[in-house]
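As provided, structure-v2.cif (mmCIF, C-alpha atoms) reads as follows.
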```
data_data
#
loop_
_atom_site.label_atom_id
_atom_site.label_comp_id
_atom_site.auth_asym_id
_atom_site.auth_seq_id
_atom_site.Cartn_x
_atom_site.Cartn_y
_atom_site.Cartn_z
CA MET A 221 -4.85 13.68 -10.86
CA THR A 222 -4.19 11.43 -13.88
CA ASP A 223 -3.56 7.69 -13.73
CA ALA A 224 0.07 8.31 -14.63
CA GLN A 225 0.43 10.67 -11.70
CA ARG A 226 -1.10 8.09 -9.37
CA ARG A 227 1.65 5.61 -10.20
CA LEU A 228 3.39 5.00 -6.91
CA ASP A 229 7.11 5.27 -6.46
CA THR A 230 9.05 3.81 -3.57
CA PRO A 231 12.28 5.29 -2.23
CA VAL A 232 15.55 4.11 -3.68
CA ARG A 233 16.15 0.58 -2.41
CA GLY A 234 18.68 0.43 0.40
CA THR A 235 18.57 4.15 1.16
CA GLN A 236 17.31 3.62 4.71
CA ARG A 237 20.13 1.20 5.51
CA ALA A 238 22.62 3.50 3.80
CA MET A 239 21.46 6.43 5.94
CA GLN A 240 21.86 4.40 9.13
CA ILE A 241 25.38 3.42 8.10
CA ALA A 242 26.12 7.04 7.12
CA ALA A 243 25.15 8.20 10.61
CA VAL A 244 27.50 5.68 12.21
CA VAL A 245 30.36 6.60 9.85
CA ALA A 246 29.82 10.33 10.45
CA PHE A 247 29.82 9.82 14.22
CA ALA A 248 32.96 7.68 14.13
CA LEU A 249 34.84 10.17 11.96
CA ALA A 250 33.62 13.12 14.04
CA SER A 251 34.69 11.44 17.29
CA VAL A 252 38.17 10.70 15.95
CA GLY A 253 38.41 14.21 14.51
CA ALA A 254 37.39 15.79 17.79
CA LEU A 255 39.37 13.61 20.18
CA LEU A 256 42.60 12.59 18.49
CA PRO A 257 45.40 15.13 18.22
CA GLY A 258 47.80 15.41 15.31
CA SER A 259 47.44 14.52 11.67
CA VAL A 260 45.11 11.56 12.24
CA GLY A 261 42.58 13.72 14.06
CA ARG A 262 42.88 16.46 11.47
CA ALA A 263 42.41 14.01 8.61
CA ALA A 264 39.30 12.61 10.30
CA ALA A 265 37.94 16.14 10.81
CA VAL A 266 38.45 16.89 7.11
CA ALA A 267 36.83 13.57 6.25
CA VAL A 268 33.74 14.12 8.39
CA VAL A 269 33.09 17.57 6.89
CA ALA A 270 33.56 16.16 3.39
CA PHE A 271 31.27 13.26 4.30
CA ILE A 272 28.37 15.31 5.65
CA VAL A 273 28.57 17.58 2.59
CA ALA A 274 28.79 14.73 0.10
CA ALA A 275 26.15 12.44 1.63
CA PRO A 276 23.04 14.54 0.86
CA LEU A 277 24.34 15.40 -2.61
CA LEU A 278 24.96 11.73 -3.37
CA ARG A 279 21.41 11.05 -2.19
CA VAL A 280 20.10 13.60 -4.70
CA LEU A 281 22.23 12.01 -7.42
CA SER A 282 20.85 8.57 -6.60
CA LEU A 283 17.32 9.97 -6.71
CA ALA A 284 17.99 11.52 -10.13
CA VAL A 285 19.24 8.21 -11.50
CA HIS A 286 16.33 6.34 -9.90
CA TRP A 287 13.79 8.74 -11.38
CA LEU A 288 15.37 8.37 -14.82
CA ARG A 289 15.01 4.61 -14.46
CA VAL A 290 11.32 4.79 -13.55
CA GLY A 291 10.70 7.16 -16.46
CA ASP A 292 10.19 10.33 -14.42
CA ARG A 293 12.39 12.58 -16.55
CA ARG A 294 10.76 15.73 -15.21
CA PHE A 295 11.92 15.22 -11.64
CA ALA A 296 15.21 13.64 -12.73
CA GLY A 297 15.83 16.97 -14.48
CA VAL A 298 14.92 18.86 -11.32
CA ALA A 299 17.39 16.76 -9.30
CA PHE A 300 20.18 17.30 -11.83
CA GLY A 301 19.27 21.01 -11.83
CA LEU A 302 19.72 21.10 -8.07
CA LEU A 303 23.15 19.51 -8.34
CA PHE A 304 24.04 22.02 -11.07
CA ILE A 305 23.05 24.91 -8.76
CA VAL A 306 25.23 23.57 -5.95
CA ALA A 307 28.12 23.05 -8.38
CA THR A 308 27.70 26.57 -9.76
CA GLY A 309 27.67 28.02 -6.24
CA SER A 310 30.85 26.12 -5.46
CA VAL A 311 32.58 27.50 -8.54
CA ILE A 312 31.49 31.06 -7.70
CA ALA A 313 32.74 30.64 -4.11
CA ALA A 314 36.06 29.30 -5.36
CA LEU A 315 36.68 32.29 -7.66
CA MET B 83 38.33 18.94 22.05
CA ASN B 84 36.19 21.86 23.18
CA TRP B 85 33.84 20.16 25.63
CA ALA B 86 31.69 23.28 26.00
CA ASP B 87 30.94 23.30 22.25
CA PHE B 88 30.30 19.55 22.40
CA ALA B 89 27.89 19.93 25.31
CA LEU B 90 26.09 22.79 23.58
CA ALA B 91 25.73 20.71 20.40
CA VAL B 92 24.34 17.74 22.35
CA VAL B 93 21.84 19.79 24.36
CA THR B 94 20.63 22.01 21.51
CA SER B 95 20.26 19.09 19.08
CA ALA B 96 18.32 17.10 21.67
CA ILE B 97 15.99 20.02 22.43
CA GLY B 98 15.70 20.80 18.72
CA ALA B 99 14.82 17.20 17.88
CA VAL B 100 12.10 17.08 20.54
CA GLY B 101 10.72 20.49 19.63
CA GLY B 102 10.89 19.87 15.89
CA LEU B 103 12.70 23.10 15.12
CA GLY B 104 16.21 21.72 14.71
CA GLY B 105 19.08 22.45 17.04
CA ALA B 106 21.09 24.97 15.03
CA VAL B 107 18.63 27.79 15.57
CA LEU B 108 19.46 27.46 19.27
CA LEU B 109 23.12 26.43 18.91
CA VAL B 110 24.34 29.35 16.78
CA PRO B 111 22.96 32.13 19.02
CA LEU B 112 24.28 30.35 22.13
CA LEU B 113 27.73 29.99 20.55
CA VAL B 114 27.70 33.71 19.76
CA LEU B 115 26.55 34.59 23.28
CA THR B 116 29.38 32.46 24.74
CA GLY B 117 32.06 34.24 22.76
CA THR B 118 32.26 32.66 19.30
CA SER B 119 32.07 35.20 16.47
CA ALA B 120 28.95 35.07 14.30
CA ARG B 121 31.18 34.38 11.27
CA ALA B 122 32.64 31.29 12.94
CA ALA B 123 29.38 30.12 14.51
CA ALA B 124 27.39 29.98 11.25
CA PRO B 125 29.40 27.09 9.72
CA LEU B 126 29.15 25.17 13.00
CA GLY B 127 25.39 25.62 12.87
CA LEU B 128 25.25 24.16 9.36
CA VAL B 129 27.46 21.24 10.45
CA SER B 130 24.99 20.56 13.26
CA VAL B 131 22.11 20.67 10.77
CA ALA B 132 23.82 18.38 8.26
CA ALA B 133 24.74 15.87 10.97
CA GLY B 134 21.20 15.93 12.33
CA SER B 135 19.78 15.37 8.85
CA ILE B 136 21.97 12.30 8.33
CA ALA B 137 21.23 10.94 11.81
CA ALA B 138 17.45 11.27 11.37
CA GLY B 139 17.39 10.17 7.71
CA GLY B 140 16.99 6.43 8.28
CA ARG B 141 14.20 6.90 10.82
CA GLN B 142 12.26 9.28 8.55
CA LEU B 143 12.52 6.93 5.56
CA LYS B 144 11.19 4.02 7.62
CA GLY B 145 7.84 5.75 8.03
CA GLY B 146 7.58 6.54 4.32
CA LEU B 147 6.97 10.16 5.22
CA VAL B 148 9.59 11.86 3.05
CA ASN B 149 8.31 13.18 -0.29
CA HIS B 150 11.56 13.28 -2.25
CA ARG B 151 10.09 14.98 -5.32
CA LEU B 152 8.69 17.79 -3.21
CA GLY B 153 11.96 18.02 -1.30
CA VAL B 154 14.20 18.21 -4.35
CA THR B 155 11.90 20.68 -6.12
CA THR B 156 11.69 23.09 -3.20
CA GLU B 157 15.39 22.64 -2.55
CA LEU B 158 16.16 24.31 -5.90
CA PHE B 159 15.12 27.57 -4.24
CA ALA B 160 16.49 26.84 -0.77
CA SER B 161 19.94 25.87 -2.03
CA THR B 162 20.08 28.94 -4.26
CA GLY B 163 19.18 31.03 -1.23
CA ALA B 164 21.81 29.27 0.90
CA ILE B 165 24.55 29.91 -1.63
CA VAL B 166 23.57 33.58 -1.99
CA GLY B 167 23.32 33.94 1.82
CA ALA B 168 26.68 32.26 2.44
CA LEU B 169 28.39 34.38 -0.21
CA ALA B 170 26.82 37.54 1.25
CA SER B 171 27.73 36.59 4.83
CA GLY B 172 31.39 36.48 3.79
CA LEU B 173 31.14 40.20 3.05
CA ALA B 174 28.97 41.19 6.02
CA SER B 175 30.20 42.57 9.34
CA ASP B 176 29.96 40.54 12.54
CA ARG B 177 27.51 43.10 13.95
CA PHE B 178 25.22 42.72 10.94
CA LEU B 179 25.36 38.92 11.26
CA LYS B 180 24.50 39.17 14.96
CA LEU B 181 21.47 41.30 14.14
CA VAL B 182 20.41 38.82 11.43
CA LEU B 183 20.81 36.03 13.97
CA ALA B 184 18.70 37.93 16.48
CA ALA B 185 15.97 38.40 13.87
CA VAL B 186 16.17 34.71 12.92
CA ALA B 187 15.94 33.58 16.56
CA LEU B 188 12.96 35.88 17.10
CA ALA B 189 11.21 34.61 13.95
CA ALA B 190 11.94 30.98 14.90
CA GLY B 191 10.56 31.58 18.38
CA ILE B 192 7.34 33.08 17.05
CA LEU B 193 6.83 30.62 14.17
CA GLY B 194 7.76 27.61 16.31
CA GLY B 195 5.20 28.50 18.94
CA ARG B 196 2.46 28.91 16.34
CA ARG B 197 2.85 25.53 14.60
CA LYS B 198 -0.41 23.72 14.06
CA GLY B 199 -1.41 20.05 14.18
CA ILE B 200 -3.11 17.84 11.58
CA ARG B 201 -4.69 19.59 8.57
CA ASN B 202 -5.23 16.91 5.86
CA LEU B 203 -7.93 14.31 6.44
CA PRO B 204 -7.81 10.54 5.89
CA GLN B 205 -9.60 9.16 2.82
CA PRO B 206 -11.55 5.89 3.02
CA GLY B 207 -10.60 3.30 0.45
CA LEU B 208 -6.89 3.91 0.62
CA SER B 209 -4.59 1.24 2.02
CA ALA B 210 -0.96 0.67 2.94
CA ALA B 211 -0.34 -0.20 -0.71
CA ASP B 212 -1.14 3.41 -1.63
CA VAL B 213 1.45 4.96 0.69
CA GLY B 214 4.24 6.80 -1.07
CA GLU B 215 4.83 9.54 -3.62
CA HIS B 216 3.56 9.62 -7.19
CA VAL B 217 5.66 9.50 -10.35
CA GLY B 218 5.62 12.82 -12.23
CA SER B 219 3.82 14.66 -9.42
CA LEU B 220 4.40 16.26 -6.04
CA SER B 221 1.40 14.43 -4.58
CA GLY B 222 1.40 11.40 -2.32
CA VAL B 223 -0.29 9.40 0.42
CA TYR B 224 0.91 8.87 3.99
CA GLN B 225 -0.23 6.71 6.86
CA LEU B 226 -1.69 8.39 9.94
CA ASP B 227 -2.27 5.77 12.65
CA ASP B 228 -4.67 3.31 10.99
CA ALA B 229 -5.85 5.72 8.28
CA PHE B 230 -4.35 6.85 4.98
CA VAL B 231 -4.16 10.49 3.98
CA PRO B 232 -3.73 11.78 0.42
CA TYR B 233 -2.21 15.19 -0.19
CA GLN B 234 -1.44 17.50 -3.10
CA PRO B 235 0.82 20.51 -2.48
CA THR B 236 -0.66 23.84 -3.56
CA ARG B 237 0.57 27.45 -3.92
CA LEU B 238 3.95 26.39 -5.20
CA ARG B 239 5.14 29.90 -6.06
CA ALA B 240 4.56 31.22 -2.55
CA GLY B 241 6.17 28.08 -1.15
CA ALA B 242 9.17 28.47 -3.45
CA ALA B 243 9.67 32.05 -2.29
CA LEU B 244 9.61 30.98 1.35
CA PHE B 245 12.04 28.15 0.66
CA GLY B 246 14.37 30.67 -0.97
CA LEU B 247 14.09 32.75 2.20
CA SER B 248 14.84 29.72 4.38
CA GLY B 249 17.98 29.05 2.36
CA LEU B 250 19.05 32.67 2.66
CA ILE B 251 18.66 32.41 6.44
CA ALA B 252 20.72 29.21 6.49
CA GLY B 253 23.51 30.79 4.47
CA LEU B 254 23.55 34.04 6.43
CA ALA B 255 23.01 32.82 9.98
CA GLY B 256 23.89 29.10 9.98
CA ALA B 257 20.44 28.11 11.28
CA SER B 258 18.75 25.34 9.33
CA GLY B 259 15.82 27.37 8.09
CA GLY B 260 13.69 24.37 8.94
CA PHE B 261 11.53 26.59 11.10
CA VAL B 262 10.52 28.34 7.87
CA LYS B 263 10.46 25.26 5.62
CA THR B 264 8.09 23.13 7.68
CA PRO B 265 5.46 25.86 8.21
CA ALA B 266 5.84 26.92 4.56
CA SER B 267 5.09 23.36 3.48
CA SER B 268 2.27 22.72 5.92
CA GLU B 269 0.58 26.11 6.28
CA VAL B 270 1.20 27.60 2.80
CA MET B 271 1.46 24.54 0.54
CA HIS B 272 -0.95 22.41 2.60
CA VAL B 273 1.37 19.45 2.92
CA PRO B 274 0.57 17.34 6.03
CA VAL B 275 2.73 18.41 8.97
CA ARG B 276 4.36 15.01 9.40
CA VAL B 277 5.27 14.80 5.71
CA ALA B 278 6.45 18.41 5.79
CA ALA B 279 8.67 17.79 8.84
CA ALA B 280 10.16 14.58 7.43
CA THR B 281 10.79 16.17 4.03
CA THR B 282 12.37 19.18 5.74
CA THR B 283 14.73 16.86 7.63
CA PHE B 284 15.83 15.48 4.26
CA THR B 285 16.24 18.87 2.57
CA ILE B 286 18.05 20.74 5.34
CA GLY B 287 20.98 18.40 4.77
CA ILE B 288 21.19 19.58 1.15
CA THR B 289 20.83 23.25 2.10
CA SER B 290 23.60 22.83 4.68
CA ALA B 291 25.87 21.11 2.17
CA ALA B 292 25.41 24.00 -0.28
CA GLY B 293 26.22 26.56 2.42
CA LEU B 294 29.16 24.59 3.85
CA ILE B 295 30.85 24.35 0.45
CA VAL B 296 30.79 28.15 0.20
CA PHE B 297 32.04 28.53 3.80
CA ALA B 298 34.86 26.07 3.05
CA PHE B 299 36.03 28.14 0.09
CA GLN B 300 35.84 31.26 2.28
CA GLY B 301 38.19 29.54 4.76
CA ARG B 302 35.63 29.78 7.58
CA LEU B 303 35.63 26.12 8.68
CA ASP B 304 37.38 25.29 11.96
CA LEU B 305 37.66 21.58 11.22
CA ARG B 306 38.22 20.42 14.80
CA ALA B 307 35.24 22.44 16.00
CA CYS B 308 33.17 21.05 13.10
CA ALA B 309 34.03 17.48 14.16
CA THR B 310 33.15 18.28 17.78
CA VAL B 311 29.79 19.79 16.86
CA CYS B 312 29.04 16.95 14.43
CA ALA B 313 29.62 14.30 17.12
CA GLY B 314 27.53 16.26 19.62
CA ALA B 315 24.70 16.84 17.15
CA ILE B 316 24.44 13.14 16.29
CA ILE B 317 24.33 12.14 19.97
CA GLY B 318 21.86 14.92 20.80
CA GLY B 319 19.65 14.12 17.82
CA HIS B 320 19.40 10.47 18.83
CA ALA B 321 18.82 11.36 22.48
CA GLY B 322 16.10 13.83 21.55
CA ALA B 323 14.38 11.32 19.27
CA SER B 324 14.47 8.63 21.96
CA VAL B 325 12.88 10.82 24.64
CA GLN B 326 10.45 12.46 22.21
CA SER B 327 7.65 10.01 23.02
CA ARG B 328 8.00 10.72 26.77
CA LEU B 329 7.89 14.50 26.49
CA SER B 330 5.22 16.78 25.15
CA PRO B 331 6.48 18.35 21.88
CA PRO B 332 4.08 21.34 22.22
CA GLN B 333 5.45 22.09 25.71
CA VAL B 334 9.03 21.75 24.50
CA ARG B 335 8.22 24.02 21.56
CA THR B 336 6.75 26.59 23.92
CA PHE B 337 9.89 26.44 26.09
CA LEU B 338 12.06 26.69 22.96
CA SER B 339 10.05 29.64 21.65
CA VAL B 340 10.43 31.58 24.89
CA ALA B 341 14.16 30.75 25.03
CA LEU B 342 14.63 31.92 21.44
CA VAL B 343 12.88 35.22 22.07
CA VAL B 344 15.11 35.83 25.13
CA ILE B 345 18.20 34.90 23.08
CA ALA B 346 17.09 37.24 20.29
CA VAL B 347 16.83 40.13 22.71
CA LEU B 348 20.27 39.36 24.22
CA LEU B 349 21.84 39.15 20.77
CA ALA B 350 20.27 42.41 19.66
CA VAL B 351 21.46 44.17 22.82
CA ARG B 352 25.02 42.87 22.42
CA ALA B 353 25.25 43.56 18.66
#
```

What's the structure tokens form of this structure?
Amino acid sequence: MTDAQRRLDTPVRGTQRAMQIAAVVAFALASVGALLPGSVGRAAAVAVVAFIVAAPLLRVLSLAVHWLRVGDRRFAGVAFGLLFIVATGSVIAAL
Amino acid sequence: MNWADFALAVVTSAIGAVGGLGGAVLLVPLLVLTGTSARAAAPLGLVSVAAGSIAAGGRQLKGGLVNHRLGVTTELFASTGAIVGALASGLASDRFLKLVLAAVALAAGILGGRRKGIRNLPQPGLSAADVGEHVGSLSGVYQLDDAFVPYQPTRLRAGAALFGLSGLIAGLAGASGGFVKTPASSEVMHVPVRVAAATTTFTIGITSAAGLIVFAFQGRLDLRACATVCAGAIIGGHAGASVQSRLSPPQVRTFLSVALVVIAVLLAVRA
């Protein structure tokens, strides 16, 4: 292992707090979506599905940006590649 | 609200969290056995996985166990597999999906029961300041009690293939594939089990997102049921994590393994 490889990296600042908040938001939306009838409940159900899909992808995006900032272009490229794969899959599914 | 689906999501997520296999591998077969079609159950499984990943995310980050570079790299293959699996499942018959589910439950039961303990050894001279992942590398250091353990993933090609398989399973059956990912990381790539499990918790959320997008475009999401399962999975995940220290994970895994084998046989018979 080279010295460069030994350079430590810490997780994106605030991610832990963001994940805790995300769990609370997801639970609140899911509860409303499951319990409330009518358009409000349906909107919350749509929102919670969108939220649990978007949250991990936003986390990957934040990692990509963070890795670019710390000069790790190799893994920033991998992260953007992962988002590209998901986007491509979405386009194929939509066709 | 379907209280039966809610209860199933709570119980399976709690058991899955304690056993370390994830709840969806139990939830999806049970949904199918209680009358939900395999086509409808798979998206609910991925919702359960995604919710569990979000719920556990903060806790896993606190311990500094997640190796994000390893997770994102292996996820290239898992997400590709999930998209292919989800697209293929849209064309497959319900009988075929039931048989796939039976095979997945059987494999999860066998692999889950065979999981091993600690493989990597602490290295003197390392301290808390060394804990983390390394820039430009998949390597890292994690804390094990009062010691510090370095690790360097190996056999990346074999690992990548297994991650692709785990994604395919997630897309086809709606199970998280975590029961393949964690052993692939720990037993094949020689990543410490705790790092492998934490990183898997992070990546199964991404795999699920990739599969759920495809399911959404296929019109297979019952949004109310998704919300119900999501709420249940979050409660169950937290409950499982809180009782984890009071139960014996190996015993729970053994129970889960036996249950999965029985479920696999029932699914195969009914297919």

Excluding range 85-97 of chain B and any residue of its chain fewer than 5 positions from it, enumerate the residues within 7 Å of it, using only C-alpha atoms, and give them as a CSV table (one decimal) with C-alpha atoms, in the frame of the given file.
```csv
chain,number,residue,atom,x,y,z
B,104,GLY,CA,16.2,21.7,14.7
B,105,GLY,CA,19.1,22.4,17.0
B,108,LEU,CA,19.5,27.5,19.3
B,109,LEU,CA,23.1,26.4,18.9
B,310,THR,CA,33.2,18.3,17.8
B,311,VAL,CA,29.8,19.8,16.9
B,314,GLY,CA,27.5,16.3,19.6
B,315,ALA,CA,24.7,16.8,17.2
B,317,ILE,CA,24.3,12.1,20.0
B,318,GLY,CA,21.9,14.9,20.8
B,319,GLY,CA,19.6,14.1,17.8
B,321,ALA,CA,18.8,11.4,22.5
B,322,GLY,CA,16.1,13.8,21.6
```

Determine, for each residue of chain A having at least one atom at most 7 Å from an atom of chain B, the closest pair of atoms and their separation in Å to one decimal, counting all atoms listed in the file; order by chain and ascending number, as a tab-separated table.
```
residue	atom	partner	partner_atom	distance
A:Gln225	CA	B:Val217	CA	5.5
A:Arg226	CA	B:His216	CA	5.4
A:Arg227	CA	B:His216	CA	5.4
A:Leu228	CA	B:His216	CA	4.6
A:Asp229	CA	B:Glu215	CA	5.6
A:Thr230	CA	B:Gly214	CA	6.2
A:Gln236	CA	B:Gly140	CA	4.6
A:Arg237	CA	B:Gly140	CA	6.7
A:Met239	CA	B:Gly140	CA	5.0
A:Gln240	CA	B:Gly140	CA	5.3
A:Ala242	CA	B:Ile136	CA	6.8
A:Ala243	CA	B:Ala137	CA	4.9
A:Phe247	CA	B:Ala313	CA	5.3
A:Ala250	CA	B:Ala309	CA	4.4
A:Ser251	CA	B:Ala313	CA	5.8
A:Gly253	CA	B:Ala309	CA	5.5
A:Ala254	CA	B:Thr310	CA	4.9
A:Leu255	CA	B:Met83	CA	5.7
A:Arg262	CA	B:Arg306	CA	7.0
A:Ala265	CA	B:Ala309	CA	5.3
A:Val266	CA	B:Leu305	CA	6.3
A:Val268	CA	B:Ala309	CA	6.7
A:Ile272	CA	B:Ala132	CA	6.1
A:Val273	CA	B:Ala291	CA	4.5
A:Pro276	CA	B:Ile288	CA	5.4
A:Leu277	CA	B:Ile288	CA	6.4
A:Asp292	CA	B:Gly218	CA	5.6
A:Arg294	CA	B:Gly218	CA	6.6
A:Phe295	CA	B:Arg151	CA	6.6
A:Val298	CA	B:Thr155	CA	6.3
A:Ala299	CA	B:Val154	CA	6.1
A:Leu302	CA	B:Leu158	CA	5.3
A:Ile305	CA	B:Thr162	CA	6.7
A:Val306	CA	B:Ala292	CA	5.7
A:Gly309	CA	B:Ile165	CA	5.9
A:Ser310	CA	B:Val296	CA	6.0
A:Ala313	CA	B:Val296	CA	5.3
A:Ala314	CA	B:Phe299	CA	5.6
```

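The spacing separating CA of Gly258 in chain A from CA of Leu112 in chain B amounts to 28.7 Å.
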
Name the residues that the PyMOL selection byres ((chain B and resi 349) around 9) pulls out of this structure, and write them as a VMD selection string. chain B and resid 111 114 to 115 180 to 181 183 to 184 344 to 348 350 to 353

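When CA of Ala278 in chain B is paired with CA of Pro206 in chain B, their separation reads 22.1 Å.
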
I'd like the interatomic distance between CA of Ala210 in chain B and CA of Phe230 in chain B, to a tenth of an Å. 7.3 Å

What are the centre and the three edge lengths of an axis-aligned box that wraps all atoms of range 265-269 of chain B in the file, given that 8 Å is added to every side, written as JSON and rounded to one decimal in Å?
```
{"center_x": 3.2, "center_y": 24.8, "center_z": 5.8, "size_x": 21.3, "size_y": 20.2, "size_z": 20.7}
```

Test item: the PyMOL selection byres ((chain B and resi 276) around 12) resolved as a PyMOL selection string: chain B and resi 102+142+145-149+197-202+223-227+231+233+264-265+267-268+272-275+277-283

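Among the candidate residues B:Ala341, B:Ala229, B:Ala252, B:Leu193, the one lying nearest to Ser209 in chain B is B:Ala229, with distances computed using only C-alpha atoms.
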
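Candidate residues A:Leu315, A:Ala246, A:Val285, A:Gly291 were compared for distance to Ala270 in chain A, and the nearest is A:Ala246, using all atoms listed in the file.
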